[in-house]
Each structure stands twice: as C-alpha cells, then as structure tokens.
Amino acid sequence: MILAGQILATKTQNIDSQGKSLIKSISWRIIGTVDTIVISWILTGTLTVALSIGSIELFTKFFLYYGHERIWNSIKWKQI
C-alpha cells in the first residue's frame with residue numbers, strides 16, 4: 001500500500017501548472033524561433049525574409065505548443 005501511495009504522490013507532483021507550461025512554452029519558442037531564422041537565412045540568403053518567417057512562426061507555434069501542453073496535462077492516465 002505504501003508503494004501505491006508513493007507512485008500516486010509522484011504522479012500528482014509531475015503535473016505541470018499553467019505557469020510552468022507558459023514558461024516552458026516561452027523558452028522552447030526562443031530556441032525554435034532562432035533555429036527557424038537560421039535555417040530560413042541559409043535557405044533564402046536574405047536576413048529580412050528569415051526574420052519575417054521567424055516572427056510569424058514565433059506566434060503560431062507558441063500558441064500551438066501551449067495548447068498541446070494543456071491538453072496533454074488534462075489527460076487522466078490510468079495507473080499501471
């Protein structure tokens with residue numbers, strides 16, 4: 001019984017808060033956007049085009065990631 005309680009407590013502690021999901025979203029978007037800008041710059045050879053692509057991608061993927069995090073966090077996983 002103690003082991004089951006420890007597993008349940010650990011599972012409960014691993015659920016991210018909305019604030020933590022927001023911070024993770026921001027940090028991941030910084031990394032992802034820099035990557036997109038660099039790749040776009042290499043492919044197009046034009047920094048202004050690369051920055052335009054990166055700025056659009058920054059906002060669309062930020063909201064997609066945050067929504068994805070919240071959906072995954074709302075799933076009630078069955079205990080094994």
# chains A, B, ... in the order shown; residues from 1 in each chain; ligands from 1
call {"tool": "residues_around", "arguments": {"residues": "region 34-40 of chain A", "least_positions_apart": "3", "cutoff": "12 Å", "atoms": "only C-alpha atoms", "output": "VMD selection string"}}
result
chain A and resid 27 to 31 43 to 58 61
call {"tool": "write_last_selection", "arguments": {"atoms": "N, CA and C atoms", "output": "short mmCIF file (atom, residue, chain, number, x, y, z; two decimals), in the first residue's frame"}}
result
data_model
loop_
_atom_site.label_atom_id
_atom_site.label_comp_id
_atom_site.auth_asym_id
_atom_site.auth_seq_id
_atom_site.Cartn_x
_atom_site.Cartn_y
_atom_site.Cartn_z
N SER A 27 10.42 29.47 -23.39
CA SER A 27 11.81 29.05 -23.59
C SER A 27 11.95 28.18 -24.84
N TRP A 28 11.00 27.31 -25.06
CA TRP A 28 11.06 26.46 -26.26
C TRP A 28 10.89 27.30 -27.52
N ARG A 29 10.04 28.30 -27.49
CA ARG A 29 9.83 29.14 -28.67
C ARG A 29 11.08 29.94 -29.01
N ILE A 30 11.81 30.39 -28.02
CA ILE A 30 13.05 31.11 -28.28
C ILE A 30 14.01 30.20 -29.05
N ILE A 31 14.19 28.99 -28.55
CA ILE A 31 15.07 28.03 -29.22
C ILE A 31 14.56 27.72 -30.62
N LEU A 43 18.66 29.12 -46.28
CA LEU A 43 17.94 28.73 -47.49
C LEU A 43 17.62 29.90 -48.42
N THR A 44 17.30 31.06 -47.84
CA THR A 44 16.91 32.20 -48.68
C THR A 44 18.06 33.14 -48.97
N GLY A 45 19.05 33.18 -48.08
CA GLY A 45 20.16 34.10 -48.23
C GLY A 45 19.80 35.54 -47.87
N THR A 46 18.60 35.74 -47.35
CA THR A 46 18.12 37.08 -47.03
C THR A 46 17.69 37.12 -45.56
N LEU A 47 18.36 37.95 -44.78
CA LEU A 47 18.06 38.04 -43.35
C LEU A 47 16.66 38.58 -43.10
N THR A 48 16.21 39.56 -43.86
CA THR A 48 14.88 40.14 -43.62
C THR A 48 13.78 39.11 -43.87
N VAL A 49 13.93 38.28 -44.88
CA VAL A 49 12.95 37.21 -45.13
C VAL A 49 12.98 36.20 -43.98
N ALA A 50 14.18 35.85 -43.55
CA ALA A 50 14.33 34.90 -42.45
C ALA A 50 13.70 35.44 -41.17
N LEU A 51 13.89 36.72 -40.89
CA LEU A 51 13.28 37.32 -39.70
C LEU A 51 11.76 37.37 -39.82
N SER A 52 11.24 37.60 -41.01
CA SER A 52 9.79 37.61 -41.23
C SER A 52 9.21 36.22 -40.97
N ILE A 53 9.85 35.21 -41.50
CA ILE A 53 9.40 33.83 -41.29
C ILE A 53 9.46 33.50 -39.80
N GLY A 54 10.56 33.85 -39.16
CA GLY A 54 10.73 33.58 -37.73
C GLY A 54 9.70 34.27 -36.86
N SER A 55 9.34 35.51 -37.21
CA SER A 55 8.37 36.24 -36.39
C SER A 55 6.97 35.65 -36.51
N ILE A 56 6.60 35.20 -37.69
CA ILE A 56 5.29 34.55 -37.86
C ILE A 56 5.26 33.23 -37.11
N GLU A 57 6.32 32.46 -37.28
CA GLU A 57 6.44 31.15 -36.65
C GLU A 57 6.45 31.26 -35.12
N LEU A 58 7.04 32.31 -34.61
CA LEU A 58 7.11 32.52 -33.16
C LEU A 58 5.72 32.49 -32.53
N LYS A 61 3.46 28.95 -33.37
CA LYS A 61 3.91 27.75 -32.65
C LYS A 61 3.86 27.93 -31.13
#
call {"tool": "residues_around", "arguments": {"residues": "Lys24 (chain A)", "least_positions_apart": "2", "cutoff": "12 Å", "atoms": "only C-alpha atoms", "output": "PyMOL selection string"}}
result
chain A and resi 16-22+26-32+62-63+65-66+68-70
call {"tool": "write_last_selection", "arguments": {"atoms": "N, CA and C atoms", "output": "PDB file, in the first residue's frame"}}
result
ATOM      1  N   ASP A  16       2.242  19.583 -14.543  1.00  0.00           N
ATOM      2  CA  ASP A  16       2.701  20.967 -14.667  1.00  0.00           C
ATOM      3  C   ASP A  16       1.563  21.947 -14.425  1.00  0.00           C
ATOM      4  N   SER A  17       1.894  23.036 -13.771  1.00  0.00           N
ATOM      5  CA  SER A  17       0.925  24.115 -13.591  1.00  0.00           C
ATOM      6  C   SER A  17       0.829  24.910 -14.890  1.00  0.00           C
ATOM      7  N   GLN A  18      -0.179  25.741 -14.986  1.00  0.00           N
ATOM      8  CA  GLN A  18      -0.319  26.583 -16.177  1.00  0.00           C
ATOM      9  C   GLN A  18       0.864  27.531 -16.306  1.00  0.00           C
ATOM     10  N   GLY A  19       1.351  28.045 -15.192  1.00  0.00           N
ATOM     11  CA  GLY A  19       2.506  28.950 -15.216  1.00  0.00           C
ATOM     12  C   GLY A  19       3.758  28.258 -15.724  1.00  0.00           C
ATOM     13  N   LYS A  20       3.977  27.029 -15.262  1.00  0.00           N
ATOM     14  CA  LYS A  20       5.145  26.283 -15.718  1.00  0.00           C
ATOM     15  C   LYS A  20       5.029  25.968 -17.211  1.00  0.00           C
ATOM     16  N   SER A  21       3.832  25.619 -17.668  1.00  0.00           N
ATOM     17  CA  SER A  21       3.625  25.379 -19.104  1.00  0.00           C
ATOM     18  C   SER A  21       3.898  26.643 -19.908  1.00  0.00           C
ATOM     19  N   LEU A  22       3.522  27.788 -19.359  1.00  0.00           N
ATOM     20  CA  LEU A  22       3.766  29.056 -20.049  1.00  0.00           C
ATOM     21  C   LEU A  22       5.262  29.337 -20.170  1.00  0.00           C
ATOM     22  N   ILE A  26       7.576  29.576 -23.610  1.00  0.00           N
ATOM     23  CA  ILE A  26       8.412  30.723 -23.985  1.00  0.00           C
ATOM     24  C   ILE A  26       9.846  30.273 -24.273  1.00  0.00           C
ATOM     25  N   SER A  27      10.420  29.470 -23.387  1.00  0.00           N
ATOM     26  CA  SER A  27      11.810  29.046 -23.587  1.00  0.00           C
ATOM     27  C   SER A  27      11.952  28.181 -24.839  1.00  0.00           C
ATOM     28  N   TRP A  28      11.002  27.307 -25.064  1.00  0.00           N
ATOM     29  CA  TRP A  28      11.057  26.463 -26.257  1.00  0.00           C
ATOM     30  C   TRP A  28      10.889  27.295 -27.521  1.00  0.00           C
ATOM     31  N   ARG A  29      10.040  28.299 -27.493  1.00  0.00           N
ATOM     32  CA  ARG A  29       9.828  29.137 -28.672  1.00  0.00           C
ATOM     33  C   ARG A  29      11.080  29.939 -29.010  1.00  0.00           C
ATOM     34  N   ILE A  30      11.809  30.390 -28.017  1.00  0.00           N
ATOM     35  CA  ILE A  30      13.054  31.108 -28.284  1.00  0.00           C
ATOM     36  C   ILE A  30      14.013  30.196 -29.048  1.00  0.00           C
ATOM     37  N   ILE A  31      14.188  28.988 -28.554  1.00  0.00           N
ATOM     38  CA  ILE A  31      15.069  28.032 -29.219  1.00  0.00           C
ATOM     39  C   ILE A  31      14.560  27.721 -30.625  1.00  0.00           C
ATOM     40  N   GLY A  32      13.291  27.420 -30.749  1.00  0.00           N
ATOM     41  CA  GLY A  32      12.714  27.057 -32.042  1.00  0.00           C
ATOM     42  C   GLY A  32      12.747  28.192 -33.049  1.00  0.00           C
ATOM     43  N   PHE A  62       3.950  29.153 -30.651  1.00  0.00           N
ATOM     44  CA  PHE A  62       3.799  29.399 -29.219  1.00  0.00           C
ATOM     45  C   PHE A  62       2.418  28.952 -28.751  1.00  0.00           C
ATOM     46  N   PHE A  63       1.383  29.402 -29.455  1.00  0.00           N
ATOM     47  CA  PHE A  63       0.014  29.048 -29.063  1.00  0.00           C
ATOM     48  C   PHE A  63      -0.273  27.567 -29.289  1.00  0.00           C
ATOM     49  N   TYR A  65       1.927  25.108 -29.088  1.00  0.00           N
ATOM     50  CA  TYR A  65       2.627  24.365 -28.040  1.00  0.00           C
ATOM     51  C   TYR A  65       1.910  24.480 -26.698  1.00  0.00           C
ATOM     52  N   TYR A  66       1.503  25.683 -26.339  1.00  0.00           N
ATOM     53  CA  TYR A  66       0.818  25.880 -25.063  1.00  0.00           C
ATOM     54  C   TYR A  66      -0.464  25.051 -25.013  1.00  0.00           C
ATOM     55  N   HIS A  68      -1.130  22.381 -26.744  1.00  0.00           N
ATOM     56  CA  HIS A  68      -0.706  20.978 -26.713  1.00  0.00           C
ATOM     57  C   HIS A  68      -0.338  20.556 -25.296  1.00  0.00           C
ATOM     58  N   GLU A  69       0.427  21.382 -24.591  1.00  0.00           N
ATOM     59  CA  GLU A  69       0.802  21.099 -23.204  1.00  0.00           C
ATOM     60  C   GLU A  69      -0.424  20.957 -22.313  1.00  0.00           C
ATOM     61  N   ARG A  70      -1.367  21.869 -22.438  1.00  0.00           N
ATOM     62  CA  ARG A  70      -2.547  21.841 -21.578  1.00  0.00           C
ATOM     63  C   ARG A  70      -3.415  20.626 -21.871  1.00  0.00           C
TER      64      ARG A  70
END
call {"tool": "select_by_dssp", "arguments": {"residues": "chain A", "states": "alpha helix (DSSP H)", "output": "count of residues only"}}
result
67
